[in-house]
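What follows is the content of query25.pdb, which has PDB, C-alpha atoms:
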MODEL        1
ATOM      1  CA  MET A  22     -11.597  11.622  10.483
ATOM      2  CA  SER A  23     -13.000  11.474   7.115
ATOM      3  CA  GLY A  24     -15.978  13.587   6.385
ATOM      4  CA  GLY A  25     -16.522  13.674   2.686
ATOM      5  CA  GLY A  26     -15.109  13.369  -0.751
ATOM      6  CA  LYS A  27     -12.326  10.848  -1.215
ATOM      7  CA  ARG A  28     -11.487   8.761   1.799
ATOM      8  CA  GLY A  29      -7.939   7.415   1.981
ATOM      9  CA  LYS A  30      -6.417   4.717   4.111
ATOM     10  CA  ASP A  31      -5.566   6.040   7.550
ATOM     11  CA  GLY A  32      -3.784   3.157   9.266
ATOM     12  CA  ALA A  33      -6.500   2.462  11.826
ATOM     13  CA  ILE A  34      -6.151  -0.851  13.640
ATOM     14  CA  GLY A  35      -8.872  -2.952  12.031
ATOM     15  CA  ARG A  36     -11.401  -0.118  11.891
ATOM     16  CA  ARG A  37     -11.468   0.414   8.144
ATOM     17  CA  ALA A  38     -12.238  -3.194   7.281
ATOM     18  CA  ALA A  39     -14.590  -3.926  10.156
ATOM     19  CA  VAL A  40     -16.469  -0.678  10.649
ATOM     20  CA  ALA A  41     -16.013   2.069   8.087
ATOM     21  CA  ASP A  42     -15.817   0.691   4.565
ATOM     22  CA  PRO A  43     -19.365  -0.664   4.151
ATOM     23  CA  PRO A  44     -21.008   2.558   5.412
ATOM     24  CA  SER A  45     -18.657   4.761   3.370
ATOM     25  CA  ALA A  46     -19.814   3.021   0.206
ATOM     26  CA  LEU A  47     -23.495   3.260   1.117
ATOM     27  CA  LEU A  48     -23.846   6.649   2.785
ATOM     28  CA  PRO A  49     -23.539  10.141   1.346
ATOM     29  CA  PRO A  50     -20.423  11.969   2.620
ATOM     30  CA  THR A  51     -22.344  14.112   5.116
ATOM     31  CA  ALA A  52     -24.114  11.135   6.697
ATOM     32  CA  PHE A  53     -20.858   9.168   6.751
ATOM     33  CA  GLY A  54     -19.122  12.078   8.502
ATOM     34  CA  LYS A  55     -21.867  12.169  11.140
ATOM     35  CA  LEU A  56     -21.516   8.424  11.655
ATOM     36  CA  GLN A  57     -17.762   8.715  12.105
ATOM     37  CA  ALA A  58     -18.239  11.625  14.509
ATOM     38  CA  LYS A  59     -20.135   9.164  16.718
ATOM     39  CA  LEU A  60     -17.707   6.249  16.224
ATOM     40  CA  PHE A  61     -14.340   7.944  16.658
ATOM     41  CA  PRO A  62     -14.664   8.902  20.338
ATOM     42  CA  LEU A  63     -15.531   5.267  21.123
ATOM     43  CA  TYR A  64     -12.699   4.029  18.906
ATOM     44  CA  PHE A  65     -10.063   6.262  20.511
ATOM     45  CA  SER A  66     -11.408   5.532  24.017
ATOM     46  CA  THR A  67     -11.067   1.800  23.341
ATOM     47  CA  LEU A  68      -7.507   2.224  22.036
ATOM     48  CA  THR A  69      -6.640   4.337  25.084
ATOM     49  CA  ALA A  70      -7.995   1.671  27.448
ATOM     50  CA  ALA A  71      -6.080  -1.056  25.577
ATOM     51  CA  SER A  72      -2.849   0.962  25.814
ATOM     52  CA  VAL A  73      -3.344   1.489  29.551
ATOM     53  CA  VAL A  74      -3.947  -2.245  30.048
ATOM     54  CA  GLN A  75      -0.798  -3.056  28.039
ATOM     55  CA  LEU A  76       1.284  -0.630  30.109
ATOM     56  CA  ALA A  77      -0.167  -1.945  33.382
ATOM     57  CA  THR A  78       0.493  -5.544  32.332
ATOM     58  CA  LEU A  79       4.062  -4.654  31.400
ATOM     59  CA  ALA A  80       4.583  -2.827  34.701
ATOM     60  CA  LEU A  81       3.229  -5.774  36.713
ATOM     61  CA  GLY A  82       5.467  -8.274  34.897
ATOM     62  CA  PRO A  83       8.870  -9.527  36.006
ATOM     63  CA  GLY A  84      10.885  -6.328  35.636
ATOM     64  CA  LEU A  85      10.128  -3.330  33.479
ATOM     65  CA  ALA A  86      11.275  -3.381  29.877
ATOM     66  CA  ARG A  87      11.999   0.337  29.400
ATOM     67  CA  ALA A  88      12.011   0.263  25.600
ATOM     68  CA  GLN A  89       8.577  -1.346  25.555
ATOM     69  CA  ALA A  90       7.246   1.017  28.209
ATOM     70  CA  THR A  91       8.454   3.920  26.058
ATOM     71  CA  THR A  92       6.900   2.426  22.918
ATOM     72  CA  LEU A  93       3.567   1.860  24.640
ATOM     73  CA  GLY A  94       3.756   5.331  26.212
ATOM     74  CA  VAL A  95       4.206   6.915  22.782
ATOM     75  CA  GLY A  96       1.242   4.920  21.445
ATOM     76  CA  LEU A  97      -0.870   5.996  24.425
ATOM     77  CA  ALA A  98       0.137   9.651  23.976
ATOM     78  CA  ALA A  99      -0.767   9.537  20.258
ATOM     79  CA  THR A 100      -4.157   7.984  21.003
ATOM     80  CA  LEU A 101      -4.880  10.446  23.827
ATOM     81  CA  ALA A 102      -3.955  13.363  21.553
ATOM     82  CA  ASN A 103      -6.452  12.047  18.994
ATOM     83  CA  LEU A 104      -9.143  11.435  21.611
ATOM     84  CA  LEU A 105      -8.848  14.720  23.505
ATOM     85  CA  ILE A 106      -7.553  17.270  20.983
ATOM     86  CA  VAL A 107      -7.401  16.344  17.294
ATOM     87  CA  GLU A 108     -10.643  14.361  16.867
ATOM     88  CA  PRO A 109     -12.880  16.978  18.555
ATOM     89  CA  ALA A 110     -11.239  19.770  16.524
ATOM     90  CA  SER A 111     -11.558  17.725  13.328
ATOM     91  CA  THR A 112     -15.237  17.017  14.008
ATOM     92  CA  ARG A 113     -15.950  20.708  14.689
ATOM     93  CA  SER A 114     -14.144  21.651  11.478
ATOM     94  CA  MET A 115     -16.044  19.019   9.496
ATOM     95  CA  PHE A 116     -19.447  20.215  10.752
ATOM     96  CA  LYS A 117     -18.490  23.837  10.085
ATOM     97  CA  ARG A 118     -17.475  22.819   6.562
ATOM     98  CA  TYR A 119     -20.829  21.065   6.034
ATOM     99  CA  ALA A 120     -22.672  24.183   7.208
ATOM    100  CA  LEU A 121     -20.697  26.396   4.819
ATOM    101  CA  GLU A 122     -21.272  23.986   1.930
ATOM    102  CA  ASN A 123     -25.011  23.896   2.663
ATOM    103  CA  GLU A 124     -25.072  27.696   2.816
ATOM    104  CA  GLY A 125     -23.297  27.860  -0.560
ATOM    105  CA  ALA A 126     -25.791  25.430  -2.104
ATOM    106  CA  ALA A 127     -28.692  27.527  -0.808
ATOM    107  CA  LEU A 128     -27.166  30.676  -2.324
ATOM    108  CA  ARG A 129     -26.708  28.918  -5.693
ATOM    109  CA  ASP A 130     -30.349  27.779  -5.574
ATOM    110  CA  GLU A 131     -31.486  31.343  -4.793
ATOM    111  CA  ALA A 132     -29.443  32.688  -7.709
ATOM    112  CA  ALA A 133     -30.964  30.114 -10.080
ATOM    113  CA  VAL A 134     -34.503  31.019  -8.964
ATOM    114  CA  ALA A 135     -33.769  34.748  -9.305
ATOM    115  CA  ALA A 136     -32.487  34.221 -12.866
ATOM    116  CA  LEU A 137     -35.605  32.251 -13.800
ATOM    117  CA  VAL A 138     -37.906  34.902 -12.287
ATOM    118  CA  SER A 139     -36.024  37.620 -14.147
ATOM    119  CA  ARG A 140     -36.480  35.790 -17.478
ATOM    120  CA  ALA A 141     -40.143  35.168 -16.774
ATOM    121  CA  ARG A 142     -40.726  38.879 -16.026
ATOM    122  CA  ARG A 143     -39.170  39.781 -19.369
ATOM    123  CA  GLY A 144     -41.485  37.325 -21.054
ATOM    124  CA  GLY A 145     -38.607  35.152 -22.095
ATOM    125  CA  GLY A 146     -37.261  37.883 -24.374
ATOM    126  CA  GLY A 147     -34.349  40.200 -24.013
ATOM    127  CA  ARG A 148     -30.897  39.284 -23.078
ATOM    128  CA  ALA A 149     -30.675  35.728 -21.713
ATOM    129  CA  VAL A 150     -29.118  35.452 -18.309
ATOM    130  CA  PRO A 151     -27.572  32.034 -17.791
ATOM    131  CA  ALA A 152     -28.750  30.346 -14.623
ATOM    132  CA  PRO A 153     -26.017  29.027 -12.387
ATOM    133  CA  ALA A 154     -25.634  25.270 -12.542
ATOM    134  CA  ALA A 155     -27.583  23.711  -9.693
ATOM    135  CA  ASP A 156     -25.070  20.910  -9.305
ATOM    136  CA  ALA A 157     -21.953  23.068  -9.562
ATOM    137  CA  PRO A 158     -19.436  22.255  -6.854
ATOM    138  CA  PRO A 159     -19.069  24.821  -4.113
ATOM    139  CA  PRO A 160     -16.063  27.096  -4.332
ATOM    140  CA  PRO A 161     -13.000  25.942  -2.385
ATOM    141  CA  LEU A 162     -13.347  26.870   1.240
ATOM    142  CA  PRO A 163     -10.605  27.565   3.760
ATOM    143  CA  GLN A 164     -12.526  25.192   6.028
ATOM    144  CA  LYS A 165     -11.747  22.319   3.660
ATOM    145  CA  LYS A 166      -8.028  23.024   4.002
ATOM    146  CA  GLU A 167      -8.281  23.195   7.811
ATOM    147  CA  PHE A 168     -10.199  19.916   7.911
ATOM    148  CA  GLY A 169      -7.598  18.320   5.634
ATOM    149  CA  LYS A 170      -4.777  19.339   7.974
ATOM    150  CA  LEU A 171      -6.607  18.008  11.037
ATOM    151  CA  HIS A 172      -7.501  14.789   9.236
ATOM    152  CA  GLY A 173      -3.878  14.330   8.181
ATOM    153  CA  LEU A 174      -2.673  14.908  11.743
ATOM    154  CA  SER A 175      -5.242  12.442  13.087
ATOM    155  CA  SER A 176      -4.167   9.853  10.513
ATOM    156  CA  THR A 177      -0.500  10.356  11.430
ATOM    157  CA  LEU A 178      -1.225   9.940  15.141
ATOM    158  CA  ASN A 179      -3.306   6.859  14.382
ATOM    159  CA  LEU A 180      -0.451   5.420  12.323
ATOM    160  CA  ALA A 181       1.992   6.099  15.184
ATOM    161  CA  SER A 182      -0.326   4.204  17.521
ATOM    162  CA  LEU A 183      -0.471   1.304  15.061
ATOM    163  CA  VAL A 184       3.331   1.172  14.730
ATOM    164  CA  CYS A 185       3.681   1.116  18.531
ATOM    165  CA  ALA A 186       1.096  -1.683  18.833
ATOM    166  CA  VAL A 187       2.806  -3.787  16.140
ATOM    167  CA  SER A 188       6.210  -3.164  17.731
ATOM    168  CA  HIS A 189       4.877  -4.330  21.087
ATOM    169  CA  GLY A 190       3.306  -7.387  19.448
ATOM    170  CA  VAL A 191       6.632  -8.329  17.863
ATOM    171  CA  TRP A 192       8.365  -7.873  21.233
ATOM    172  CA  LEU A 193       5.778 -10.107  22.920
ATOM    173  CA  ALA A 194       6.119 -12.770  20.222
ATOM    174  CA  ARG A 195       9.905 -12.781  20.596
ATOM    175  CA  ALA A 196       9.575 -12.960  24.374
ATOM    176  CA  LEU A 197       7.280 -15.971  24.147
ATOM    177  CA  ALA A 198       9.793 -17.801  21.971
ATOM    178  CA  LEU A 199      12.693 -17.219  24.387
ATOM    179  CA  PRO A 200      13.494 -18.837  27.742
ATOM    180  CA  ALA A 201      11.894 -17.077  30.726
ATOM    181  CA  GLY A 202      15.105 -15.315  31.876
ATOM    182  CA  ALA A 203      15.754 -13.784  28.458
ATOM    183  CA  LEU A 204      12.669 -11.517  28.685
ATOM    184  CA  LEU A 205      14.571  -8.924  30.710
ATOM    185  CA  ALA A 206      17.401  -8.892  28.162
ATOM    186  CA  LEU A 207      14.986  -7.696  25.427
ATOM    187  CA  GLY A 208      14.043  -4.469  27.252
TER     188      GLY A 208
ENDMDL
END
Would you mind writing the structure in this file as structure tokens?
Amino acid sequence: MSGGGKRGKDGAIGRRAAVADPPSALLPPTAFGKLQAKLFPLYFSTLTAASVVQLATLALGPGLARAQATTLGVGLAATLANLLIVEPASTRSMFKRYALENEGAALRDEAAVAALVSRARRGGGGRAVPAPAADAPPPPLPQKKEFGKLHGLSSTLNLASLVCAVSHGVWLARALALPAGALLALG
């Protein structure tokens, strides 16, 4: 999941072009992260259902192509791992990161107000205390690193699912171009 800052390509099957890119350009990172937190469970649920249908269709066909069953099983496992483990952990990490960033911004605002009050009490004289920059970026947080790791893992699992889907598509295309009896020889 992508929750803020730079958003890289993550290998999602059609999602980036159809769903995510327009909102990512229009929404602030926090709002975009909240939107993705709502979309990703649906996305991974849909991919899981599609993988189950592909496996069931393969199993009901004329003989089981073991290599394709393995490929689809790996794709299903990667999608289930994203749906049940990685995506929820990534979303929790992202929201925790947002909370910490908001807390840091509030502390910077309090420090700026305190510096201004201090100067006003001195009547503007005395030693000048520089106010912290209101738009200064928050200090690096360990939460950002954790989110980055989870996002990278999610992207890798998503890419594995994509590779399995493309592999199965190539297998199906080859099978359609061959005589009916040759389908079993591909497995």
remark   = Shortest contact to Leu180 (chain A), candidates A:Thr51, A:Ala99, A:Gln75, A:Pro62, atoms counted all atoms listed in the file, goes to A:Ala99
Please, what is the axis-aligned box for every listed atom of region 103-106 of chain A with 8 Å on each side, as centre and edge lengths in Å to one decimal, as JSON?
{"center_x": -7.8, "center_y": 14.4, "center_z": 21.2, "size_x": 18.7, "size_y": 21.8, "size_z": 20.5}
Residues returned when the PyMOL selection byres ((chain A and resi 166-173) around 6) runs on this file, as a PyMOL selection string = chain A and resi 22+111+114+163-165+174-176
Expected file: the selected residues, C-alpha atoms, as a PDB file, in the frame of the given file:
ATOM      1  CA  MET A  22     -11.597  11.622  10.483  1.00  0.00           C
ATOM      2  CA  SER A 111     -11.558  17.725  13.328  1.00  0.00           C
ATOM      3  CA  SER A 114     -14.144  21.651  11.478  1.00  0.00           C
ATOM      4  CA  PRO A 163     -10.605  27.565   3.760  1.00  0.00           C
ATOM      5  CA  GLN A 164     -12.526  25.192   6.028  1.00  0.00           C
ATOM      6  CA  LYS A 165     -11.747  22.319   3.660  1.00  0.00           C
ATOM      7  CA  LEU A 174      -2.673  14.908  11.743  1.00  0.00           C
ATOM      8  CA  SER A 175      -5.242  12.442  13.087  1.00  0.00           C
ATOM      9  CA  SER A 176      -4.167   9.853  10.513  1.00  0.00           C
TER      10      SER A 176
END
Neighbour residues at most 12 Å from (0.1, -0.4, 32.0) (only C-alpha atoms) as a list in words = Thr69, Ala70, Ala71, Ser72, Val73, Val74, Gln75, Leu76, Ala77, Thr78, Leu79, Ala80, Leu81, Gly82, Leu85, Ala86, Gln89, Ala90, Thr91, Thr92, Leu93, Gly94, Gly96 and Leu97 of chain A
Expected file contents, prior selection, C-alpha atoms, as a compact mmCIF listing (two decimals), keeping the file's coordinate frame:
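Once written, result35.txt looks like this:
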# COMPACT_ATOMS: atom_id res chain seq x y z
CA THR A 69 -6.64 4.34 25.08
CA ALA A 70 -8.00 1.67 27.45
CA ALA A 71 -6.08 -1.06 25.58
CA SER A 72 -2.85 0.96 25.81
CA VAL A 73 -3.34 1.49 29.55
CA VAL A 74 -3.95 -2.24 30.05
CA GLN A 75 -0.80 -3.06 28.04
CA LEU A 76 1.28 -0.63 30.11
CA ALA A 77 -0.17 -1.94 33.38
CA THR A 78 0.49 -5.54 32.33
CA LEU A 79 4.06 -4.65 31.40
CA ALA A 80 4.58 -2.83 34.70
CA LEU A 81 3.23 -5.77 36.71
CA GLY A 82 5.47 -8.27 34.90
CA LEU A 85 10.13 -3.33 33.48
CA ALA A 86 11.28 -3.38 29.88
CA GLN A 89 8.58 -1.35 25.56
CA ALA A 90 7.25 1.02 28.21
CA THR A 91 8.45 3.92 26.06
CA THR A 92 6.90 2.43 22.92
CA LEU A 93 3.57 1.86 24.64
CA GLY A 94 3.76 5.33 26.21
CA GLY A 96 1.24 4.92 21.44
CA LEU A 97 -0.87 6.00 24.42
task = Record the distance separating CA of Cys185 (chain A) and CA of Val107 (chain A), expressed in Å with one decimal.
result = 18.9 Å
